[in-house]
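Participant: Here you go, this is coords22.txt (compact mmCIF, C-alpha atoms).
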# COMPACT_ATOMS: atom_id res chain seq x y z
CA MET A 2 30.87 -2.42 -29.08
CA LYS A 3 29.34 0.00 -31.58
CA MET A 4 26.98 1.35 -28.91
CA ARG A 5 29.93 2.02 -26.61
CA ASN A 6 31.71 3.92 -29.41
CA ILE A 7 28.60 6.02 -30.03
CA ILE A 8 28.31 6.83 -26.33
CA ASN A 9 32.00 7.76 -26.18
CA THR A 10 31.66 9.99 -29.24
CA MET A 11 28.64 11.77 -27.70
CA ALA A 12 30.51 12.22 -24.43
CA ILE A 13 33.50 13.73 -26.23
CA ALA A 14 31.25 16.07 -28.22
CA THR A 15 29.42 17.17 -25.08
CA ALA A 16 32.70 17.78 -23.27
CA ALA A 17 33.97 19.82 -26.21
CA ILE A 18 30.89 22.04 -26.06
CA LEU A 19 31.29 22.55 -22.34
CA VAL A 20 34.96 23.44 -22.74
CA THR A 21 34.82 25.62 -25.85
CA GLY A 22 31.38 27.17 -25.18
CA CYS A 23 28.32 27.28 -27.39
CA ALA A 24 28.45 25.92 -30.90
CA LYS A 25 28.63 28.43 -33.74
CA ASN A 26 25.33 29.71 -35.13
CA GLU A 27 26.49 30.72 -38.60
CA ILE A 28 24.13 31.80 -41.38
CA ASN A 29 24.37 33.52 -44.75
CA PRO A 30 21.47 35.98 -45.11
CA MET A 31 21.96 36.04 -48.90
CA ALA A 32 20.95 32.36 -49.00
CA PHE A 33 17.49 33.43 -47.78
CA GLN A 34 16.08 35.17 -50.84
CA THR A 35 12.33 35.16 -50.16
CA LYS A 36 11.34 38.30 -48.24
CA ILE A 37 8.31 38.42 -45.99
CA LYS A 38 6.69 41.87 -45.94
CA ASP A 39 3.70 41.28 -43.66
CA LYS A 40 3.55 43.87 -40.89
CA ILE A 41 1.58 43.72 -37.68
CA GLU A 42 -1.13 46.27 -37.08
CA ILE A 43 -0.46 48.20 -33.90
CA PRO A 44 -3.66 48.88 -31.92
CA GLU A 45 -4.03 52.45 -30.68
CA ALA A 46 -3.94 51.27 -27.07
CA CYS A 47 -0.59 49.55 -27.68
CA LYS A 48 1.32 52.36 -29.36
CA ALA A 49 2.74 53.42 -26.00
CA GLU A 50 4.42 50.00 -25.77
CA TYR A 51 6.37 50.80 -28.92
CA SER A 52 7.41 54.22 -27.68
CA SER A 53 8.89 52.49 -24.61
CA VAL A 54 11.04 50.01 -26.58
CA LEU A 55 14.04 52.15 -25.59
CA PRO A 56 12.60 54.44 -22.89
CA THR A 57 14.26 57.52 -21.46
CA VAL A 58 14.66 57.30 -17.69
CA ALA A 59 15.29 60.07 -15.16
CA VAL A 60 16.64 59.32 -11.69
CA MET A 61 15.49 61.95 -9.23
CA GLU A 62 17.03 62.81 -5.89
CA PHE A 63 15.84 60.65 -3.00
CA THR A 64 14.45 61.85 0.31
CA ASN A 65 16.17 60.96 3.56
CA ASN A 66 13.51 59.88 6.07
CA SER A 67 16.06 58.34 8.43
CA THR A 68 17.31 60.08 11.57
CA PHE A 69 20.82 60.07 10.15
CA GLY A 70 21.68 63.11 8.04
CA SER A 71 23.27 66.36 9.11
CA ALA A 72 25.27 66.42 12.32
CA GLN A 73 27.76 68.44 14.32
CA THR A 74 30.97 66.56 14.96
CA GLU A 75 33.64 67.39 17.53
CA THR A 76 37.34 66.64 17.07
CA THR A 77 39.73 66.77 20.03
CA THR A 78 43.41 67.57 19.39
CA ALA A 79 46.08 67.29 22.12
CA ASN A 80 48.81 69.96 22.02
CA LYS A 81 51.85 69.42 24.29
CA GLN A 82 53.23 72.59 25.88
CA THR A 83 56.65 72.68 27.70
CA LYS A 84 57.73 75.25 30.30
CA ALA A 85 61.47 75.61 31.16
CA ALA A 86 63.14 77.15 34.29
CA ALA A 87 66.91 77.86 34.74
CA GLY A 88 68.57 77.40 38.14
CA ILE A 89 70.56 75.12 40.39
CA ILE A 90 69.65 71.45 40.15
CA ALA A 91 70.57 69.50 43.28
CA SER A 92 71.39 65.82 43.39
CA ARG A 93 72.54 63.45 46.12
CA ASN A 94 76.30 63.89 45.37
CA ALA A 95 76.61 67.28 43.72
CA ALA A 96 74.95 70.45 42.61
CA ALA A 97 74.96 71.84 39.08
CA ILE A 98 73.55 74.71 37.08
CA GLY A 99 70.98 73.52 34.51
CA VAL A 100 67.51 73.83 33.08
CA ALA A 101 64.42 72.06 34.40
CA SER A 102 61.44 71.49 32.08
CA LYS A 103 57.78 70.70 32.74
CA SER A 104 55.34 69.38 30.10
CA LYS A 105 51.60 70.00 30.06
CA SER A 106 48.99 68.75 27.59
CA LYS A 107 46.31 71.13 26.37
CA LYS A 108 43.29 69.74 24.51
CA THR A 109 41.65 71.73 21.72
CA LYS A 110 38.12 70.90 20.60
CA THR A 111 37.01 71.70 17.05
CA LYS A 112 33.37 71.54 16.00
CA ARG A 113 32.16 71.26 12.41
CA ASN A 114 28.80 70.86 10.72
CA VAL A 115 28.72 67.94 8.30
CA ASN A 116 26.10 66.56 5.93
CA ALA A 117 26.10 62.90 4.97
CA LYS A 118 24.34 63.71 1.65
CA LEU A 119 22.85 60.23 1.67
CA ALA A 120 19.96 61.10 -0.65
CA GLU A 121 22.36 62.46 -3.27
CA SER A 122 24.55 59.35 -3.05
CA VAL A 123 21.76 57.03 -4.26
CA THR A 124 21.27 58.85 -7.58
CA PRO A 125 24.56 57.82 -9.30
CA LEU A 126 24.17 54.25 -8.01
CA LEU A 127 20.74 53.91 -9.64
CA GLU A 128 21.89 55.63 -12.83
CA ALA A 129 24.64 53.03 -13.12
CA LYS A 130 22.08 50.28 -12.49
CA VAL A 131 19.84 51.58 -15.32
CA LEU A 132 22.75 51.81 -17.76
CA GLU A 133 23.85 48.30 -16.77
CA THR A 134 20.56 46.86 -18.04
CA GLY A 135 21.30 48.38 -21.45
CA GLY A 136 17.68 48.93 -22.45
CA ALA A 137 17.13 52.57 -21.56
CA LYS A 138 18.46 56.04 -22.26
CA LEU A 139 19.40 58.16 -19.26
CA PHE A 140 18.09 61.68 -18.87
CA THR A 141 21.09 63.80 -17.92
CA ARG A 142 21.30 65.78 -14.69
CA SER A 143 21.97 69.04 -16.55
CA ASP A 144 18.74 68.58 -18.52
CA MET A 145 16.97 67.69 -15.27
CA LYS A 146 18.04 70.99 -13.70
CA LYS A 147 16.63 72.99 -16.62
CA ILE A 148 13.19 71.39 -16.34
CA ASP A 149 13.35 71.37 -12.55
CA ALA A 150 13.72 75.16 -12.60
CA GLU A 151 10.69 75.46 -14.87
CA LEU A 152 8.35 73.07 -13.07
CA LYS A 153 9.50 73.60 -9.46
CA PHE A 154 9.44 69.93 -8.42
CA GLN A 155 8.28 69.13 -4.93
CA ASP A 156 11.04 68.80 -2.34
CA SER A 157 9.71 65.36 -1.40
CA GLY A 158 11.25 63.89 -4.53
CA LEU A 159 7.88 62.52 -5.67
CA LEU A 160 5.80 64.19 -8.37
CA ASP A 161 2.07 64.62 -8.30
CA PRO A 162 0.35 63.11 -11.37
CA LYS A 163 -0.26 66.46 -13.12
CA THR A 164 3.35 67.58 -12.71
CA SER A 165 4.76 64.25 -13.86
CA VAL A 166 2.64 64.27 -17.02
CA LYS A 167 3.83 67.80 -17.81
CA PHE A 168 7.41 66.74 -17.10
CA GLY A 169 7.04 63.84 -19.55
CA LYS A 170 5.81 66.10 -22.33
CA LEU A 171 8.63 68.60 -21.83
CA SER A 172 11.44 66.07 -21.51
CA GLY A 173 10.41 62.94 -23.40
CA VAL A 174 11.08 60.91 -20.25
CA LYS A 175 9.03 57.70 -19.94
CA TYR A 176 9.96 56.63 -16.40
CA ILE A 177 11.12 58.38 -13.25
CA ILE A 178 13.01 56.47 -10.57
CA THR A 179 12.83 57.94 -7.09
CA GLY A 180 12.34 56.84 -3.51
CA SER A 181 13.54 57.31 0.03
CA ILE A 182 16.11 56.22 2.59
CA ASP A 183 13.85 54.96 5.35
CA ASN A 184 16.02 53.78 8.21
CA VAL A 185 19.62 53.43 9.42
CA GLU A 186 20.47 51.10 12.31
CA GLN A 187 23.78 50.73 14.17
CA THR A 188 24.45 47.49 16.07
CA TYR A 189 27.72 46.46 17.65
CA ARG A 190 28.11 42.69 17.45
CA ASN A 191 30.63 41.07 19.83
CA HIS A 192 30.35 37.28 20.09
CA THR A 193 34.10 36.60 20.02
CA GLU A 194 34.47 36.82 23.80
CA ALA A 195 31.56 34.41 24.40
CA ALA A 196 32.99 32.05 21.79
CA GLY A 197 36.37 32.18 23.56
CA VAL A 198 34.76 31.25 26.88
CA ALA A 199 32.98 28.33 25.19
CA GLN A 200 36.24 27.21 23.57
CA ARG A 201 38.09 27.23 26.89
CA ALA A 202 35.28 25.25 28.50
CA ALA A 203 35.33 22.75 25.65
CA GLY A 204 39.07 22.39 26.14
CA GLN A 205 38.36 20.68 29.42
CA SER A 206 36.19 18.14 27.61
CA ASP A 207 37.24 14.97 25.83
CA ASN A 208 34.66 15.56 23.06
CA ALA A 209 36.72 16.22 19.91
CA ALA A 210 33.66 17.33 17.91
CA LEU A 211 32.77 19.91 20.56
CA LYS A 212 36.35 21.25 20.56
CA LEU A 213 36.28 21.58 16.77
CA PHE A 214 32.89 23.30 16.81
CA THR A 215 33.90 25.88 19.40
CA THR A 216 37.17 26.57 17.58
CA LEU A 217 35.30 27.17 14.30
CA ALA A 218 32.75 29.32 16.14
CA LYS A 219 35.52 31.54 17.46
CA VAL A 220 37.02 31.91 13.99
CA VAL A 221 33.65 32.80 12.44
CA THR A 222 32.72 35.33 15.12
CA SER A 223 36.14 36.98 14.91
CA VAL A 224 35.41 37.70 11.24
CA THR A 225 31.73 38.70 11.54
CA ASP A 226 31.90 40.74 14.75
CA GLY A 227 32.04 44.52 14.59
CA MET A 228 29.86 47.59 14.06
CA ILE A 229 27.02 46.64 11.71
CA ILE A 230 25.33 49.46 9.77
CA LYS A 231 21.96 48.34 8.38
CA THR A 232 20.28 50.55 5.76
CA THR A 233 16.69 50.29 4.49
CA SER A 234 15.42 52.19 1.45
CA THR A 235 12.42 52.19 -0.88
CA ILE A 236 12.75 52.39 -4.68
CA ARG A 237 9.86 53.49 -6.90
CA ILE A 238 9.32 53.66 -10.66
CA LEU A 239 6.76 56.19 -11.93
CA ASP A 240 5.13 56.26 -15.35
CA VAL A 241 5.24 59.94 -16.26
CA GLU A 242 2.47 59.58 -18.85
CA THR A 243 -0.06 58.59 -16.21
CA GLY A 244 1.60 59.78 -13.00
CA LYS A 245 1.08 56.31 -11.51
CA ILE A 246 3.60 54.36 -9.44
CA LEU A 247 4.34 51.21 -11.47
CA PHE A 248 6.77 49.63 -9.05
CA SER A 249 7.72 49.98 -5.39
CA LYS A 250 10.14 47.82 -3.45
CA THR A 251 11.85 48.08 -0.05
CA VAL A 252 15.42 46.78 0.05
CA THR A 253 17.68 46.24 3.06
CA ASP A 254 21.33 45.31 3.47
CA ASP A 255 24.13 45.94 5.94
CA SER A 256 27.84 46.65 6.11
CA ASN A 257 30.43 45.75 8.74
CA ILE A 258 32.75 48.74 9.27
CA GLY A 259 35.02 46.93 11.72
CA LYS A 260 35.48 46.41 15.44
CA VAL A 261 34.91 50.03 16.38
CA PRO A 262 32.40 50.42 19.25
CA GLU A 263 32.29 54.20 18.78
CA PRO A 264 32.80 54.89 15.05
CA SER A 265 33.27 58.39 13.66
CA PHE A 266 30.57 60.11 11.64
CA ASP A 267 32.50 59.55 8.40
CA MET A 268 32.89 55.82 9.14
CA VAL A 269 29.13 55.44 9.63
CA VAL A 270 28.44 57.33 6.39
CA GLY A 271 30.76 54.96 4.54
CA GLY A 272 28.93 51.97 6.03
CA ILE A 273 25.53 53.37 5.01
CA LYS A 274 26.63 53.97 1.43
CA SER A 275 28.17 50.49 1.26
CA GLY A 276 24.92 48.94 2.50
CA LEU A 277 22.92 50.96 -0.05
CA MET A 278 25.14 49.76 -2.87
CA LYS A 279 24.78 46.12 -1.80
CA SER A 280 20.99 46.39 -1.41
CA LEU A 281 20.48 47.68 -4.96
CA THR A 282 21.53 44.30 -6.39
CA GLN A 283 18.10 43.10 -5.19
CA LEU A 284 16.60 45.20 -8.01
CA ASP A 285 18.37 43.40 -10.88
CA SER A 286 15.44 41.19 -11.94
CA ASP A 287 12.91 44.01 -11.47
CA PHE A 288 14.92 46.51 -13.50
CA SER A 289 15.41 43.87 -16.17
CA LYS A 290 11.62 43.76 -16.58
CA TYR A 291 11.34 47.50 -17.21
CA PHE A 292 14.70 48.31 -18.79
CA SER A 293 15.89 45.16 -20.57
CA VAL A 294 17.10 45.61 -24.13
CA GLN A 295 14.17 45.55 -26.55
CA GLY A 296 13.78 46.10 -30.25
CA TYR A 297 11.61 44.95 -33.12
CA ILE A 298 11.83 42.82 -36.24
CA THR A 299 12.96 44.84 -39.26
CA LYS A 300 13.38 42.05 -41.85
CA LEU A 301 12.12 38.48 -42.36
CA ARG A 302 13.52 36.06 -44.95
CA THR A 303 13.00 32.41 -45.80
CA ASN A 304 14.67 29.85 -48.04
CA GLY A 305 11.61 27.63 -48.14
CA SER A 306 12.30 25.49 -45.07
CA ASP A 307 13.95 27.89 -42.63
CA MET A 308 13.33 31.50 -41.68
CA ILE A 309 15.63 34.18 -40.30
CA ALA A 310 14.82 37.56 -38.78
CA GLN A 311 16.73 40.82 -38.52
CA VAL A 312 16.21 43.02 -35.44
CA ASN A 313 17.24 46.64 -34.89
CA ILE A 314 19.69 46.02 -32.02
CA GLY A 315 23.26 44.75 -32.23
CA ASN A 316 26.75 45.32 -30.82
CA ASP A 317 25.73 48.70 -29.45
CA TYR A 318 23.57 46.80 -26.97
CA LYS A 319 26.03 43.97 -26.37
CA VAL A 320 24.23 41.33 -28.44
CA GLU A 321 26.35 38.17 -28.60
CA GLU A 322 26.21 35.08 -30.79
CA ASN A 323 23.75 32.44 -29.47
CA GLN A 324 21.94 34.97 -27.28
CA ILE A 325 18.27 34.09 -27.00
CA PHE A 326 15.49 36.60 -27.67
CA LYS A 327 11.86 36.45 -26.62
CA VAL A 328 9.11 37.57 -29.02
CA PHE A 329 5.97 39.44 -27.99
CA ALA A 330 2.62 40.22 -29.54
CA PHE A 331 0.27 43.00 -28.44
CA GLU A 332 -3.47 42.85 -28.36
CA GLU A 333 -6.05 45.47 -27.52
CA ASN A 334 -8.26 44.47 -24.63
CA ILE A 335 -11.62 46.25 -24.21
CA ASP A 336 -13.42 45.88 -20.89
CA PRO A 337 -17.04 44.91 -21.72
CA MET A 338 -18.35 46.72 -18.64
CA SER A 339 -16.46 50.03 -18.73
CA GLY A 340 -15.47 50.04 -22.38
CA LYS A 341 -11.96 51.01 -21.31
CA SER A 342 -9.24 49.97 -23.73
CA THR A 343 -5.90 48.56 -22.50
CA CYS A 344 -3.00 46.73 -24.11
CA ASP A 345 -2.15 43.09 -23.41
CA ARG A 346 1.47 42.01 -23.83
CA ILE A 347 1.64 38.33 -24.83
CA GLU A 348 4.87 36.32 -24.91
CA LEU A 349 4.96 33.96 -27.89
CA PRO A 350 6.38 30.41 -27.64
CA THR A 351 8.86 31.18 -30.43
CA LYS A 352 12.49 31.86 -29.47
CA LEU A 353 15.07 33.62 -31.61
CA THR A 354 18.84 32.98 -31.40
CA ALA A 355 21.51 35.47 -32.48
CA SER A 356 23.73 34.27 -35.31
CA GLN A 357 27.28 35.40 -36.06
CA GLN A 358 25.80 38.16 -38.25
CA ILE A 359 25.83 41.00 -35.69
CA GLY A 360 26.35 44.63 -36.71
CA ALA A 361 26.52 47.80 -34.67
CA ASN A 362 22.78 48.41 -34.71
CA HIS A 363 21.24 45.23 -36.12
CA SER A 364 21.48 41.43 -35.82
CA TRP A 365 20.31 38.42 -37.82
CA LEU A 366 18.60 35.77 -35.71
CA THR A 367 17.61 32.18 -36.40
CA ILE A 368 14.11 31.00 -35.49
CA ASP A 369 13.50 27.79 -33.54
CA ASP A 370 9.90 27.30 -34.73
CA LYS A 371 9.50 26.64 -38.45
CA ASN A 372 5.74 27.11 -38.13
CA SER A 373 5.98 30.50 -36.44
CA ASN A 374 3.91 33.23 -38.00
CA LEU A 375 6.22 36.14 -37.32
CA LYS A 376 5.68 39.58 -38.85
CA LEU A 377 7.64 42.78 -39.20
CA LEU A 378 7.59 45.20 -36.23
CA GLN A 379 6.98 42.50 -33.64
CA ILE A 380 8.74 43.35 -30.37
CA VAL A 381 11.74 41.26 -29.28
CA GLN A 382 13.56 41.29 -25.94
CA LYS A 383 17.15 40.22 -25.29
CA THR A 384 17.62 37.71 -22.46
CA ASN A 385 20.70 36.54 -20.56
CA GLU A 386 20.20 32.99 -21.86
CA LYS A 387 22.49 31.36 -24.39
CA GLY A 388 21.56 28.55 -26.78
CA ASN A 389 23.53 26.32 -29.17
CA ALA A 390 23.05 23.85 -31.94
CA PHE A 391 22.46 20.98 -29.50
CA GLY A 392 19.83 22.82 -27.44
CA LEU A 393 21.97 22.57 -24.27
Write out the structure in this file as structure tokens.

Facilitator:
Amino acid sequence: MKMRNIINTMAIATAAILVTGCAKNEINPMAFQTKIKDKIEIPEACKAEYSSVLPTVAVMEFTNNSTFGSAQTETTTANKQTKAAAGIIASRNAAAIGVASKSKSKKTKTKRNVNAKLAESVTPLLEAKVLETGGAKLFTRSDMKKIDAELKFQDSGLLDPKTSVKFGKLSGVKYIITGSIDNVEQTYRNHTEAAGVAQRAAGQSDNAALKLFTTLAKVVTSVTDGMIIKTTSTIRILDVETGKILFSKTVTDDSNIGKVPEPSFDMVVGGIKSGLMKSLTQLDSDFSKYFSVQGYITKLRTNGSDMIAQVNIGNDYKVEENQIFKVFAFEENIDPMSGKSTCDRIELPTKLTASQQIGANHSWLTIDDKNSNLKLLQIVQKTNEKGNAFGL
């Protein structure tokens, strides 16, 4: 009986956590009086990692390598013209004086040059994506124009290594995001008619499952049929300090603009931009790697058995109670053959959890590993994970 009561109590507690959310992670920093002042030594090869804790990012205009860009469109307008003639109008029984009218339609064609401006449309979408990650500062377009005029960037949208390094020194930008729109495909999908034929044929059958299947098929095709605009683009991230491409990914998505076999230019442009917007969600995990919110440990305190840490990021970067942080260490790695020095980024097994003590630009975190050997200035990274007192 006691065991059943214990199980019921645990079930109620678990349900309460699921309903009300994570348990509170409350601490009083003043109860942790012993201060730890040990700092890590930052190897020369790893100092760049610290300068990129909150990197400045510039999104440059894309190139449009697709065949869809500028075009000349033609609009036809019908104007009805009426001619009238006075005279005697004869009928079977009588004659009368009246007016006869005759209508004639005249079509006017208007041509205009239009530009889809697809390359320009990607820039604000990617800027929003960078800001959404929360771990980077955005280089403004007005500042970009000033430096652009000085350096004369290549029209291709990509910088050669020498130019990118110079750009980095002038602007303080760490990363450049650029790329290209590679391809636009238009496909008209019309399966509704075939599905209707199959449904009518199934109607002659006694197979109820077949009738249901063909009915569902007709419903599905009626929703999915239409003009499909498929857009493919490539996104690149450049390190301006080295001029190297750190990341390159091709993303593809499509948009259904409706059952319009011959869509207008503007309708196709809308479909392309919609497909581009959808495809950029494929970059979420990749951008999180480069632009996730990072900071470093500014204070460490202990009360003998437990330790807490303060980091230099808080409400300004949407830190929430119970949010989990990763901790990293950096180590210089020297190649024994070439003697070249690089920096290794090592994720430690220790996890930090945000307490209720969150300010505008700092947070106090609890530490899950009592034996952790944390030091001041160690890099932390905010994750999307949440923890609680029960480890659920």

Participant: For Gln324 (chain A), which residue among A:Asp285, A:Glu348, A:Glu386, A:Asp267 is the nearest when counting all atoms listed in the file?

Facilitator: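 Between A:Asp285, A:Glu348, A:Glu386, A:Asp267, the residue approaching Gln324 (chain A) most closely is A:Glu386.
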
Participant: Which residue, A:Asp317, A:Glu45, A:Glu322, A:Asp307, has the smallest gap to His363 (chain A) when you use all atoms listed in the file?

Facilitator: A:Asp317

Participant: Suppose you want the space between CA of Lys138 (chain A) and CA of Phe292 (chain A); what is it in Å?

Facilitator: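 It comes out at 9.3 Å.
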
Participant: Taking the point (9.2, 40.9, -31.5) as given in the file, collect each protein or nucleic acid residue that comes within 9 Å of it, counting only C-alpha atoms, and present the set as a list in words.

Facilitator: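 Returned residue set, sorted by chain then number, is Gln295, Gly296, Tyr297, Ile298, Val312, Phe326, Lys327, Val328, Phe329, Ala330, Leu349, Leu375, Lys376, Leu377, Leu378, Gln379, Ile380, Val381 and Gln382 of chain A.
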
Participant: Determine the nearest neighbour of Asp287 (chain A) from the options A:Lys300, A:Lys170, A:Arg237, A:Lys245, counting only C-alpha atoms.

Facilitator: A:Arg237

Participant: Using the file's own x, y and z axes, what box holds all listed atoms of region 223-241 of chain A with 6 Å on each side, keeping edges along x, y and z, and what are its centre and edge lengths in Å to one decimal, as lines of an AutoDock Vina configuration file?

Facilitator:
center_x = 20.6
center_y = 48.5
center_z = -0.7
size_x = 43.0
size_y = 35.0
size_z = 43.2

Participant: Which is closer to Thr124 (chain A) than all the others in A:Val270, A:Val241, A:Thr251, A:Leu277, using all atoms listed in the file?

Facilitator: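 That would be A:Leu277, the residue with the smallest distance to Thr124 (chain A).
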